[in-house]
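Participant: Have a peek at data.cif (mmCIF, C-alpha atoms).
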```cif
data_upload
#
loop_
_atom_site.group_PDB
_atom_site.id
_atom_site.type_symbol
_atom_site.label_atom_id
_atom_site.label_comp_id
_atom_site.auth_asym_id
_atom_site.auth_seq_id
_atom_site.Cartn_x
_atom_site.Cartn_y
_atom_site.Cartn_z
ATOM 1 C CA MET J 1 -121.096 0.954 134.234
ATOM 2 C CA PRO J 2 -121.084 -2.701 133.120
ATOM 3 C CA GLY J 3 -117.968 -4.745 133.515
ATOM 4 C CA ILE J 4 -116.393 -2.856 136.418
ATOM 5 C CA ASN J 5 -115.255 -5.302 139.064
ATOM 6 C CA GLN J 6 -113.260 -2.939 141.268
ATOM 7 C CA ILE J 7 -112.918 0.762 141.974
ATOM 8 C CA ILE J 8 -109.448 2.197 142.545
ATOM 9 C CA GLY J 9 -108.791 5.620 144.003
ATOM 10 C CA VAL J 10 -105.360 7.034 143.231
ATOM 11 C CA TYR J 11 -104.107 9.625 145.689
ATOM 12 C CA HIS J 12 -101.821 12.400 144.441
ATOM 13 C CA ALA J 13 -99.118 11.572 146.977
ATOM 14 C CA ASP J 14 -96.575 8.863 147.656
ATOM 15 C CA GLY J 15 -97.315 6.293 150.326
ATOM 16 C CA GLY J 16 -95.149 5.275 153.238
ATOM 17 C CA ILE J 17 -93.841 7.356 156.094
ATOM 18 C CA LEU J 18 -91.659 9.628 153.942
ATOM 19 C CA GLY J 19 -94.420 10.136 151.374
ATOM 20 C CA GLU J 20 -96.942 11.013 154.067
ATOM 21 C CA LEU J 21 -94.549 13.433 155.755
ATOM 22 C CA LYS J 22 -93.741 15.090 152.435
ATOM 23 C CA TYR J 23 -97.453 15.463 151.649
ATOM 24 C CA ILE J 24 -98.359 16.836 155.097
ATOM 25 C CA SER J 25 -95.533 19.362 155.090
ATOM 26 C CA GLY J 26 -96.357 20.340 151.508
ATOM 27 C CA LYS J 27 -100.005 20.798 152.404
ATOM 28 C CA MET J 28 -99.088 22.982 155.383
ATOM 29 C CA PHE J 29 -97.068 25.265 153.126
ATOM 30 C CA GLY J 30 -99.549 25.236 150.249
ATOM 31 C CA MET J 31 -97.327 23.209 147.930
ATOM 32 C CA SER J 32 -99.270 19.907 147.984
ATOM 33 C CA HIS J 33 -102.930 19.129 147.592
ATOM 34 C CA CYS J 34 -104.976 16.019 146.922
ATOM 35 C CA ALA J 35 -108.728 16.423 146.466
ATOM 36 C CA LEU J 36 -109.232 12.692 147.019
ATOM 37 C CA CYS J 37 -107.444 12.887 150.393
ATOM 38 C CA ASP J 38 -109.721 15.796 151.335
ATOM 39 C CA ILE J 39 -112.768 13.625 150.640
ATOM 40 C CA THR J 40 -111.678 10.383 152.305
ATOM 41 C CA HIS J 41 -109.652 11.648 155.259
ATOM 42 C CA GLY J 42 -109.981 14.154 158.061
ATOM 43 C CA ARG J 43 -107.517 15.201 160.727
ATOM 44 C CA SER J 44 -107.922 11.938 162.642
ATOM 45 C CA GLY J 45 -107.832 9.495 159.718
ATOM 46 C CA LYS J 46 -110.478 8.034 157.455
ATOM 47 C CA LYS J 47 -113.763 9.924 157.683
ATOM 48 C CA LYS J 48 -116.700 8.000 159.160
ATOM 49 C CA ALA J 49 -118.848 9.233 156.258
ATOM 50 C CA TRP J 50 -116.348 7.713 153.821
ATOM 51 C CA LYS J 51 -116.519 4.336 155.581
ATOM 52 C CA GLU J 52 -120.301 4.476 155.130
ATOM 53 C CA CYS J 53 -119.884 5.436 151.479
ATOM 54 C CA GLU J 54 -117.651 2.408 150.853
ATOM 55 C CA ASN J 55 -120.427 0.172 152.201
ATOM 56 C CA ASN J 56 -123.064 1.893 150.026
ATOM 57 C CA LEU J 57 -121.154 1.472 146.755
ATOM 58 C CA GLY J 58 -121.680 -2.279 146.639
ATOM 59 C CA ILE J 59 -118.388 -2.861 144.835
ATOM 60 C CA SER J 60 -114.868 -3.369 146.068
ATOM 61 C CA ILE J 61 -112.851 -0.149 146.368
ATOM 62 C CA LYS J 62 -109.179 0.238 147.170
ATOM 63 C CA PHE J 63 -106.828 3.173 147.328
ATOM 64 C CA VAL J 64 -103.243 3.443 146.181
ATOM 65 C CA HIS J 65 -100.614 6.127 146.332
ATOM 66 C CA LEU J 66 -98.506 7.198 143.356
ATOM 67 C CA ASN J 67 -95.620 4.916 144.290
ATOM 68 C CA GLU J 68 -97.942 1.923 144.850
ATOM 69 C CA ARG J 69 -99.528 1.706 141.376
ATOM 70 C CA GLU J 70 -98.992 -1.419 139.327
ATOM 71 C CA PRO J 71 -97.524 -0.700 135.848
ATOM 72 C CA ASN J 72 -100.776 -0.708 133.831
ATOM 73 C CA LEU J 73 -102.535 1.506 136.356
ATOM 74 C CA LYS J 74 -99.528 3.841 136.428
ATOM 75 C CA LYS J 75 -99.613 4.120 132.649
ATOM 76 C CA TYR J 76 -103.375 4.827 132.640
ATOM 77 C CA THR J 77 -103.286 7.381 135.474
ATOM 78 C CA ASP J 78 -100.008 9.193 134.796
ATOM 79 C CA ASN J 79 -100.555 12.959 134.941
ATOM 80 C CA ILE J 80 -104.270 12.697 135.841
ATOM 81 C CA THR J 81 -104.101 12.123 139.603
ATOM 82 C CA PRO J 82 -105.859 12.280 141.902
ATOM 83 C CA CYS J 83 -108.575 10.254 140.255
ATOM 84 C CA ILE J 84 -110.868 7.289 140.677
ATOM 85 C CA VAL J 85 -110.943 4.566 138.048
ATOM 86 C CA GLY J 86 -112.969 1.459 137.489
ATOM 87 C CA LYS J 87 -111.137 -1.752 136.663
ATOM 88 C CA THR J 88 -112.692 -4.053 134.102
ATOM 89 C CA SER J 89 -111.424 -7.452 133.012
ATOM 90 C CA THR J 90 -109.410 -5.807 130.232
ATOM 91 C CA ASN J 91 -108.793 -2.155 131.078
ATOM 92 C CA TYR J 92 -109.498 0.875 133.254
ATOM 93 C CA VAL J 93 -112.180 3.530 132.861
ATOM 94 C CA LEU J 94 -112.115 6.968 134.464
ATOM 95 C CA LEU J 95 -114.954 7.400 136.969
ATOM 96 C CA ALA J 96 -113.896 10.649 138.654
ATOM 97 C CA SER J 97 -111.328 13.055 137.273
ATOM 98 C CA LYS J 98 -109.230 15.477 139.296
ATOM 99 C CA LYS J 99 -111.674 18.226 138.300
ATOM 100 C CA LYS J 100 -114.692 16.224 139.500
ATOM 101 C CA LEU J 101 -112.936 15.445 142.793
ATOM 102 C CA GLU J 102 -112.125 19.145 143.251
ATOM 103 C CA GLU J 103 -115.793 19.993 142.619
ATOM 104 C CA CYS J 104 -116.763 17.742 145.559
ATOM 105 C CA LYS J 105 -114.912 20.176 147.869
ATOM 106 C CA GLY J 106 -114.208 17.431 150.414
ATOM 107 C CA ASN J 107 -117.859 16.329 150.543
ATOM 108 C CA VAL J 108 -118.216 12.542 150.755
ATOM 109 C CA LYS J 109 -121.888 12.518 149.717
ATOM 110 C CA LYS J 110 -121.101 14.418 146.497
ATOM 111 C CA LEU J 111 -118.467 11.848 145.544
ATOM 112 C CA GLU J 112 -120.740 8.969 146.528
ATOM 113 C CA SER J 113 -123.463 10.332 144.252
ATOM 114 C CA LEU J 114 -120.974 10.806 141.410
ATOM 115 C CA LEU J 115 -119.690 7.238 141.743
ATOM 116 C CA LEU J 116 -123.141 5.688 142.017
ATOM 117 C CA ASP J 117 -124.201 7.555 138.858
ATOM 118 C CA SER J 118 -121.045 6.367 137.071
ATOM 119 C CA LEU J 119 -121.726 2.750 138.015
ATOM 120 C CA LYS J 120 -125.283 2.724 136.610
#
```
Take the structure from the file and write it as structure tokens.

Facilitator:
Amino acid sequence: MPGINQIIGVYHADGGILGELKYISGKMFGMSHCALCDITHGRSGKKKAWKECENNLGISIKFVHLNEREPNLKKYTDNITPCIVGKTSTNYVLLASKKKLEECKGNVKKLESLLLDSLK
């Protein structure tokens, strides 16, 4: 997709120690879920396959938690997280919706393929 200079993944959880603890405990009790977390992270941190995917994308990618979004990103992504957006010089474009992330079922290669197709 022309004009995208950065990819931003927005997790459906707050960052920081309290946010992480809240998410982990919520996930254990079936009250929290983030399809993007399932794709990028395993039990011991960032998945090796995801690190490889980041290298294959050929464009800068960063991740933010709900409480780390800058105001324009917050406005664009409110009520649609988790998601992945592309940042252009003037706006954001949705690259992967919550539904698309869910359809990946934690599979890095499926998300990589989706993103590469979106960037064409």

Participant: Skipping near chain neighbours, those fewer than 3 positions away, what residues fall within 6 Å of region 56-65 of chain J using all atoms listed in the file, listed as JSON, numbers by chain?

Facilitator: {"J": [6, 7, 8, 9, 10, 11, 13, 14, 15, 53, 68]}

Participant: Mind giving me the straight-line distance from CA of Leu94 (chain J) to CA of Gly3 (chain J) in Å, one decimal?

Facilitator: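 Pair CA of Leu94 (chain J) / CA of Gly3 (chain J) returns 13.1 Å.
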
Participant: Take the PyMOL selection byres ((chain J and resi 86) around 6), apply it to the structure above, and return the hits as a PyMOL selection string.

Facilitator: chain J and resi 4+6-7+85+87+92-93

Participant: Since we have the selection now, will you write its residues out, keeping C-alpha atoms, as an mmCIF file, keeping the file's coordinate frame?

Facilitator:
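result05.cif, written as the output of this step:
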```cif
data_model
loop_
_atom_site.group_PDB
_atom_site.id
_atom_site.type_symbol
_atom_site.label_atom_id
_atom_site.label_comp_id
_atom_site.auth_asym_id
_atom_site.auth_seq_id
_atom_site.Cartn_x
_atom_site.Cartn_y
_atom_site.Cartn_z
ATOM 1 C CA ILE J 4 -116.393 -2.856 136.418
ATOM 2 C CA GLN J 6 -113.260 -2.939 141.268
ATOM 3 C CA ILE J 7 -112.918 0.762 141.974
ATOM 4 C CA VAL J 85 -110.943 4.566 138.048
ATOM 5 C CA LYS J 87 -111.137 -1.752 136.663
ATOM 6 C CA TYR J 92 -109.498 0.875 133.254
ATOM 7 C CA VAL J 93 -112.180 3.530 132.861
#
```

Participant: Evaluate the PyMOL selection byres ((chain J and resi 76) around 10) and record the selected residues as a list in words, following the chain and residue labels used in the document.

Facilitator: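 On this input, the PyMOL selection byres ((chain J and resi 76) around 10) captures Pro71, Asn72, Leu73, Lys74, Lys75, Thr77, Asp78, Asn79, Ile80, Val85, Asn91, Tyr92, Val93 and Leu94 of chain J.
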
Participant: Can you tell me which residues surround His12 (chain J) at a distance of at most 7 Å, considering only C-alpha atoms, apart from same-chain residues fewer than 6 positions away, and format the answer as a list of chain:residue names?

Facilitator: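 In the requested format, the answer is J:Cys34, J:His65, J:Leu66, J:Thr81, J:Pro82.
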
Participant: What residues come out when you apply the PyMOL selection byres ((chain J and resi 108-114) around 8) to this file, written as a compact mmCIF listing (two decimals) with C-alpha atoms, keeping the file's coordinate frame?

Facilitator:
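Written output follows (out16.txt):
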```
# COMPACT_ATOMS: atom_id res chain seq x y z
CA ILE J 39 -112.77 13.62 150.64
CA THR J 40 -111.68 10.38 152.30
CA ALA J 49 -118.85 9.23 156.26
CA TRP J 50 -116.35 7.71 153.82
CA CYS J 53 -119.88 5.44 151.48
CA LEU J 57 -121.15 1.47 146.76
CA ALA J 96 -113.90 10.65 138.65
CA LEU J 101 -112.94 15.44 142.79
CA CYS J 104 -116.76 17.74 145.56
CA GLY J 106 -114.21 17.43 150.41
CA ASN J 107 -117.86 16.33 150.54
CA LEU J 115 -119.69 7.24 141.74
CA LEU J 116 -123.14 5.69 142.02
CA ASP J 117 -124.20 7.56 138.86
CA SER J 118 -121.04 6.37 137.07
```
